[in-house]
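Asker: Input file: protein_26.cif. Contents: mmCIF, N, CA and C atoms.
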data_work
#
loop_
_atom_site.label_atom_id
_atom_site.label_comp_id
_atom_site.auth_asym_id
_atom_site.auth_seq_id
_atom_site.Cartn_x
_atom_site.Cartn_y
_atom_site.Cartn_z
N MET J 1396 0.84 -1.17 0.00
CA MET J 1396 0.00 0.00 0.00
C MET J 1396 0.89 1.24 0.00
N PRO J 1397 0.66 2.21 -0.93
CA PRO J 1397 1.53 3.39 -1.00
C PRO J 1397 1.37 4.27 0.23
N ALA J 1398 2.46 4.98 0.56
CA ALA J 1398 2.44 5.90 1.71
C ALA J 1398 1.43 7.01 1.46
N ARG J 1399 0.80 7.44 2.53
CA ARG J 1399 -0.18 8.52 2.44
C ARG J 1399 0.54 9.84 2.17
N LYS J 1400 -0.01 10.62 1.23
CA LYS J 1400 0.56 11.93 0.92
C LYS J 1400 0.30 12.87 2.07
N GLU J 1401 1.32 13.62 2.45
CA GLU J 1401 1.19 14.58 3.54
C GLU J 1401 0.19 15.67 3.15
N THR J 1402 -0.63 16.04 4.09
CA THR J 1402 -1.61 17.10 3.85
C THR J 1402 -1.06 18.43 4.34
N LYS J 1403 -1.73 19.51 3.93
CA LYS J 1403 -1.34 20.84 4.42
C LYS J 1403 -1.47 20.91 5.93
N VAL J 1404 -2.50 20.29 6.49
CA VAL J 1404 -2.68 20.29 7.94
C VAL J 1404 -1.52 19.58 8.61
N ASP J 1405 -1.04 18.47 8.03
CA ASP J 1405 0.11 17.76 8.58
C ASP J 1405 1.33 18.69 8.62
N ALA J 1406 1.59 19.38 7.51
CA ALA J 1406 2.75 20.28 7.43
C ALA J 1406 2.60 21.44 8.41
N LEU J 1407 1.43 22.04 8.48
CA LEU J 1407 1.20 23.15 9.40
C LEU J 1407 1.38 22.72 10.85
N GLY J 1408 0.98 21.50 11.16
CA GLY J 1408 1.05 21.00 12.53
C GLY J 1408 2.46 20.78 13.04
N ARG J 1409 3.44 20.75 12.14
CA ARG J 1409 4.84 20.56 12.54
C ARG J 1409 5.61 21.86 12.63
N VAL J 1410 5.02 22.95 12.21
CA VAL J 1410 5.70 24.25 12.22
C VAL J 1410 5.46 24.92 13.56
N PRO J 1411 6.52 25.45 14.20
CA PRO J 1411 6.36 26.03 15.54
C PRO J 1411 5.27 27.10 15.66
N LEU J 1412 5.16 28.00 14.69
CA LEU J 1412 4.20 29.09 14.80
C LEU J 1412 2.76 28.58 14.95
N PRO J 1413 2.26 27.70 14.07
CA PRO J 1413 0.89 27.22 14.25
C PRO J 1413 0.77 25.88 14.97
N ALA J 1414 1.86 25.33 15.46
CA ALA J 1414 1.84 23.97 16.03
C ALA J 1414 0.91 23.83 17.23
N ASP J 1415 0.68 24.90 17.96
CA ASP J 1415 -0.17 24.82 19.14
C ASP J 1415 -1.66 24.99 18.83
N LEU J 1416 -1.98 25.16 17.56
CA LEU J 1416 -3.39 25.29 17.18
C LEU J 1416 -4.07 23.92 17.26
N THR J 1417 -5.36 23.95 17.49
CA THR J 1417 -6.14 22.70 17.48
C THR J 1417 -6.30 22.23 16.05
N ASP J 1418 -6.73 20.99 15.88
CA ASP J 1418 -6.99 20.47 14.53
C ASP J 1418 -8.01 21.33 13.80
N ARG J 1419 -9.01 21.77 14.52
CA ARG J 1419 -10.04 22.62 13.91
C ARG J 1419 -9.44 23.94 13.43
N GLN J 1420 -8.60 24.56 14.26
CA GLN J 1420 -7.96 25.81 13.88
C GLN J 1420 -7.01 25.60 12.70
N LEU J 1421 -6.27 24.48 12.72
CA LEU J 1421 -5.38 24.18 11.59
C LEU J 1421 -6.19 24.02 10.30
N GLY J 1422 -7.34 23.41 10.42
CA GLY J 1422 -8.22 23.26 9.26
C GLY J 1422 -8.66 24.60 8.71
N GLN J 1423 -8.87 25.57 9.59
CA GLN J 1423 -9.25 26.91 9.15
C GLN J 1423 -8.07 27.59 8.45
N VAL J 1424 -6.88 27.41 8.98
CA VAL J 1424 -5.69 27.97 8.34
C VAL J 1424 -5.48 27.31 6.98
N GLU J 1425 -5.73 26.01 6.91
CA GLU J 1425 -5.56 25.27 5.66
C GLU J 1425 -6.39 25.88 4.53
N ALA J 1426 -7.53 26.42 4.86
CA ALA J 1426 -8.40 27.01 3.84
C ALA J 1426 -7.71 28.17 3.11
N PHE J 1427 -6.76 28.80 3.76
CA PHE J 1427 -6.05 29.93 3.16
C PHE J 1427 -4.68 29.52 2.60
N ALA J 1428 -4.31 28.27 2.79
CA ALA J 1428 -2.98 27.80 2.38
C ALA J 1428 -3.03 27.24 0.96
N ASP J 1429 -2.00 27.55 0.22
CA ASP J 1429 -1.85 27.02 -1.14
C ASP J 1429 -0.59 26.17 -1.20
N GLU J 1430 -0.65 25.10 -1.96
CA GLU J 1430 0.53 24.29 -2.22
C GLU J 1430 1.08 24.71 -3.57
N VAL J 1431 2.37 24.96 -3.62
CA VAL J 1431 3.01 25.33 -4.89
C VAL J 1431 4.28 24.52 -5.06
N GLU J 1432 4.59 24.22 -6.29
CA GLU J 1432 5.86 23.58 -6.61
C GLU J 1432 6.68 24.63 -7.33
N VAL J 1433 7.95 24.72 -6.96
CA VAL J 1433 8.82 25.71 -7.58
C VAL J 1433 10.03 25.02 -8.20
N GLU J 1434 10.53 25.64 -9.25
CA GLU J 1434 11.71 25.12 -9.93
C GLU J 1434 12.96 25.48 -9.14
N ALA J 1435 13.98 24.67 -9.25
CA ALA J 1435 15.26 24.97 -8.62
C ALA J 1435 15.75 26.33 -9.08
N GLY J 1436 16.25 27.11 -8.14
CA GLY J 1436 16.77 28.43 -8.45
C GLY J 1436 15.76 29.55 -8.43
N GLN J 1437 14.49 29.23 -8.28
CA GLN J 1437 13.45 30.27 -8.25
C GLN J 1437 13.53 31.05 -6.95
N VAL J 1438 13.48 32.39 -7.05
CA VAL J 1438 13.50 33.24 -5.86
C VAL J 1438 12.11 33.23 -5.23
N LEU J 1439 12.05 32.87 -3.96
CA LEU J 1439 10.77 32.82 -3.24
C LEU J 1439 10.48 34.13 -2.52
N VAL J 1440 11.50 34.71 -1.92
CA VAL J 1440 11.37 35.95 -1.17
C VAL J 1440 12.60 36.79 -1.45
N ASP J 1441 12.40 38.07 -1.73
CA ASP J 1441 13.50 38.99 -1.96
C ASP J 1441 13.83 39.72 -0.67
N GLN J 1442 15.10 39.88 -0.35
CA GLN J 1442 15.49 40.50 0.92
C GLN J 1442 15.02 41.93 1.06
N GLU J 1443 14.70 42.61 -0.02
CA GLU J 1443 14.21 43.99 0.04
C GLU J 1443 12.69 44.05 0.12
N GLY J 1444 12.03 42.93 -0.13
CA GLY J 1444 10.57 42.91 -0.20
C GLY J 1444 9.91 42.82 1.16
N PHE J 1445 8.63 43.10 1.16
CA PHE J 1445 7.82 42.99 2.37
C PHE J 1445 7.25 41.58 2.44
N GLY J 1446 7.17 41.03 3.64
CA GLY J 1446 6.62 39.70 3.82
C GLY J 1446 5.11 39.70 3.82
N HIS J 1447 4.54 38.91 2.95
CA HIS J 1447 3.08 38.80 2.87
C HIS J 1447 2.60 37.37 3.03
N GLU J 1448 3.54 36.46 3.29
CA GLU J 1448 3.15 35.07 3.39
C GLU J 1448 4.17 34.27 4.19
N LEU J 1449 3.71 33.18 4.71
CA LEU J 1449 4.54 32.22 5.41
C LEU J 1449 4.74 31.05 4.46
N LEU J 1450 5.97 30.68 4.22
CA LEU J 1450 6.27 29.55 3.36
C LEU J 1450 6.80 28.41 4.22
N ILE J 1451 6.35 27.20 3.95
CA ILE J 1451 6.81 26.02 4.65
C ILE J 1451 7.46 25.09 3.63
N VAL J 1452 8.69 24.73 3.87
CA VAL J 1452 9.36 23.78 2.99
C VAL J 1452 8.80 22.40 3.30
N VAL J 1453 8.16 21.79 2.33
CA VAL J 1453 7.58 20.46 2.52
C VAL J 1453 8.52 19.38 2.00
N ASP J 1454 9.17 19.67 0.89
CA ASP J 1454 10.07 18.71 0.27
C ASP J 1454 11.19 19.49 -0.41
N GLY J 1455 12.39 18.98 -0.35
CA GLY J 1455 13.51 19.65 -0.99
C GLY J 1455 14.23 20.60 -0.04
N ILE J 1456 15.01 21.49 -0.64
CA ILE J 1456 15.84 22.42 0.12
C ILE J 1456 15.63 23.83 -0.44
N ALA J 1457 15.53 24.80 0.46
CA ALA J 1457 15.47 26.21 0.06
C ALA J 1457 16.77 26.86 0.53
N GLU J 1458 17.49 27.49 -0.38
CA GLU J 1458 18.74 28.16 -0.03
C GLU J 1458 18.45 29.60 0.39
N VAL J 1459 19.02 30.02 1.50
CA VAL J 1459 18.86 31.38 1.99
C VAL J 1459 20.16 32.13 1.70
N THR J 1460 20.03 33.27 1.02
CA THR J 1460 21.19 34.11 0.74
C THR J 1460 20.89 35.54 1.17
N ARG J 1461 21.94 36.27 1.47
CA ARG J 1461 21.83 37.70 1.76
C ARG J 1461 23.00 38.37 1.04
N ASP J 1462 22.67 39.35 0.23
CA ASP J 1462 23.70 40.05 -0.55
C ASP J 1462 24.55 39.07 -1.35
N GLY J 1463 23.90 38.02 -1.87
CA GLY J 1463 24.58 37.04 -2.69
C GLY J 1463 25.40 36.00 -1.94
N GLN J 1464 25.44 36.09 -0.62
CA GLN J 1464 26.20 35.15 0.19
C GLN J 1464 25.28 34.08 0.79
N HIS J 1465 25.72 32.84 0.73
CA HIS J 1465 24.95 31.73 1.29
C HIS J 1465 24.86 31.88 2.81
N ILE J 1466 23.65 31.83 3.35
CA ILE J 1466 23.42 31.94 4.79
C ILE J 1466 23.06 30.59 5.39
N ALA J 1467 22.13 29.88 4.73
CA ALA J 1467 21.65 28.61 5.28
C ALA J 1467 20.89 27.84 4.21
N ASP J 1468 20.67 26.58 4.50
CA ASP J 1468 19.77 25.73 3.71
C ASP J 1468 18.63 25.32 4.63
N LEU J 1469 17.41 25.46 4.14
CA LEU J 1469 16.24 25.07 4.93
C LEU J 1469 15.61 23.84 4.30
N GLY J 1470 15.24 22.89 5.14
CA GLY J 1470 14.66 21.65 4.65
C GLY J 1470 13.23 21.46 5.11
N PRO J 1471 12.67 20.29 4.87
CA PRO J 1471 11.27 20.01 5.21
C PRO J 1471 10.92 20.37 6.65
N GLY J 1472 9.79 21.08 6.79
CA GLY J 1472 9.31 21.50 8.10
C GLY J 1472 9.81 22.87 8.52
N GLU J 1473 10.81 23.40 7.81
CA GLU J 1473 11.32 24.72 8.16
C GLU J 1473 10.53 25.80 7.41
N THR J 1474 10.55 27.00 7.96
CA THR J 1474 9.71 28.08 7.44
C THR J 1474 10.52 29.25 6.92
N ILE J 1475 9.88 30.01 6.06
CA ILE J 1475 10.45 31.22 5.48
C ILE J 1475 9.39 32.31 5.60
N GLY J 1476 9.78 33.46 6.10
CA GLY J 1476 8.90 34.62 6.09
C GLY J 1476 8.03 34.82 7.31
N GLU J 1477 8.18 34.01 8.35
CA GLU J 1477 7.27 34.13 9.49
C GLU J 1477 7.43 35.46 10.22
N ILE J 1478 8.65 35.96 10.36
CA ILE J 1478 8.85 37.21 11.08
C ILE J 1478 8.35 38.39 10.24
N ALA J 1479 8.68 38.41 8.97
CA ALA J 1479 8.21 39.48 8.09
C ALA J 1479 6.68 39.50 8.03
N LEU J 1480 6.08 38.34 8.07
CA LEU J 1480 4.62 38.25 8.06
C LEU J 1480 4.03 38.92 9.30
N LEU J 1481 4.70 38.75 10.42
CA LEU J 1481 4.20 39.30 11.68
C LEU J 1481 4.49 40.78 11.84
N ASP J 1482 5.70 41.22 11.44
CA ASP J 1482 6.04 42.62 11.67
C ASP J 1482 5.86 43.52 10.46
N GLY J 1483 5.65 42.96 9.27
CA GLY J 1483 5.38 43.75 8.08
C GLY J 1483 6.57 44.54 7.54
N LYS J 1484 7.77 44.27 8.04
CA LYS J 1484 8.95 45.00 7.60
C LYS J 1484 9.72 44.19 6.56
N PRO J 1485 10.38 44.87 5.63
CA PRO J 1485 11.23 44.11 4.72
C PRO J 1485 12.39 43.49 5.46
N GLU J 1486 12.91 42.42 4.95
CA GLU J 1486 14.02 41.70 5.57
C GLU J 1486 15.18 42.63 5.86
N ARG J 1487 15.48 43.53 4.96
CA ARG J 1487 16.64 44.40 5.06
C ARG J 1487 16.59 45.30 6.29
N ARG J 1488 15.42 45.65 6.78
CA ARG J 1488 15.27 46.58 7.89
C ARG J 1488 15.49 45.94 9.24
N ARG J 1489 15.71 44.64 9.30
CA ARG J 1489 15.89 43.98 10.60
C ARG J 1489 17.30 44.04 11.05
#
What do you get writing this file as structure tokens?

Answerer:
Amino acid sequence: MPARKETKVDALGRVPLPADLTDRQLGQVEAFADEVEVEAGQVLVDQEGFGHELLIVVDGIAEVTRDGQHIADLGPGETIGEIALLDGKPERRR
């Protein structure tokens, strides 16, 4: 029997920011969540831009750079943009 595909609620439930939400609350958040597949090398967030979304790495690796320098690699379950989403400031202003 093939493995069950992870759902958005499963992914949200492992992320620290929404992890304390109930299943019902996670289901409500899921209604606003979109799943997207991106090509290697695609820029997800620009360091000068304002944060308007929380991104969760479900599969693969997201490379974090600042001023062209490698900062970190983020893998499944890790998030991008949570602080900018909360404070509304561009990355550069932090």

Asker: Measure the distance from atom N of Gly1472 (chain J) to CA of Val1424 (chain J) in Å and round it to one decimal.

Answerer: 17.0 Å

Asker: With only C-alpha atoms as the basis for distance, which of J:Leu1416, J:Val1433, J:Ala1426, J:Val1452 is at the shortest distance from Thr1474 (chain J)?

Answerer: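 Residue with the minimum atom-to-atom distance to Thr1474 (chain J): J:Val1452.
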
Asker: Kindly resolve the PyMOL selection byres ((chain J and resi 1468) around 5) on the present coordinates and return the residues as a ChimeraX atom specification.

Answerer: /J:1457-1459,1466-1467,1469-1470

Asker: Find, counting only C-alpha atoms, the residue in J:Arg1461, J:Leu1421, J:Asp1405, J:Leu1450 that gets nearest to Ile1478 (chain J).

Answerer: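 Of all the options, J:Leu1450 lies closest to Ile1478 (chain J).
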
Asker: Between CA of Arg1419 (chain J) and CA of Val1431 (chain J), what is the distance, to one decimal in Å?

Answerer: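 Computing it gives 23.0 Å between the two atoms.
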
Asker: From the set J:Ile1451, J:Thr1417, J:Gly1436, J:Glu1425, which residue has the shortest atom-to-atom contact distance to Val1404 (chain J), counting only N, CA and C atoms?

Answerer: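 Among the listed residues, the smallest separation from Val1404 (chain J) belongs to J:Glu1425.
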
Asker: One number please: atom N of Ala1479 (chain J) to atom C of Gln1423 (chain J), in Å, one decimal.

Answerer: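 Value for the atom N of Ala1479 (chain J)-atom C of Gln1423 (chain J) distance: 19.9 Å.
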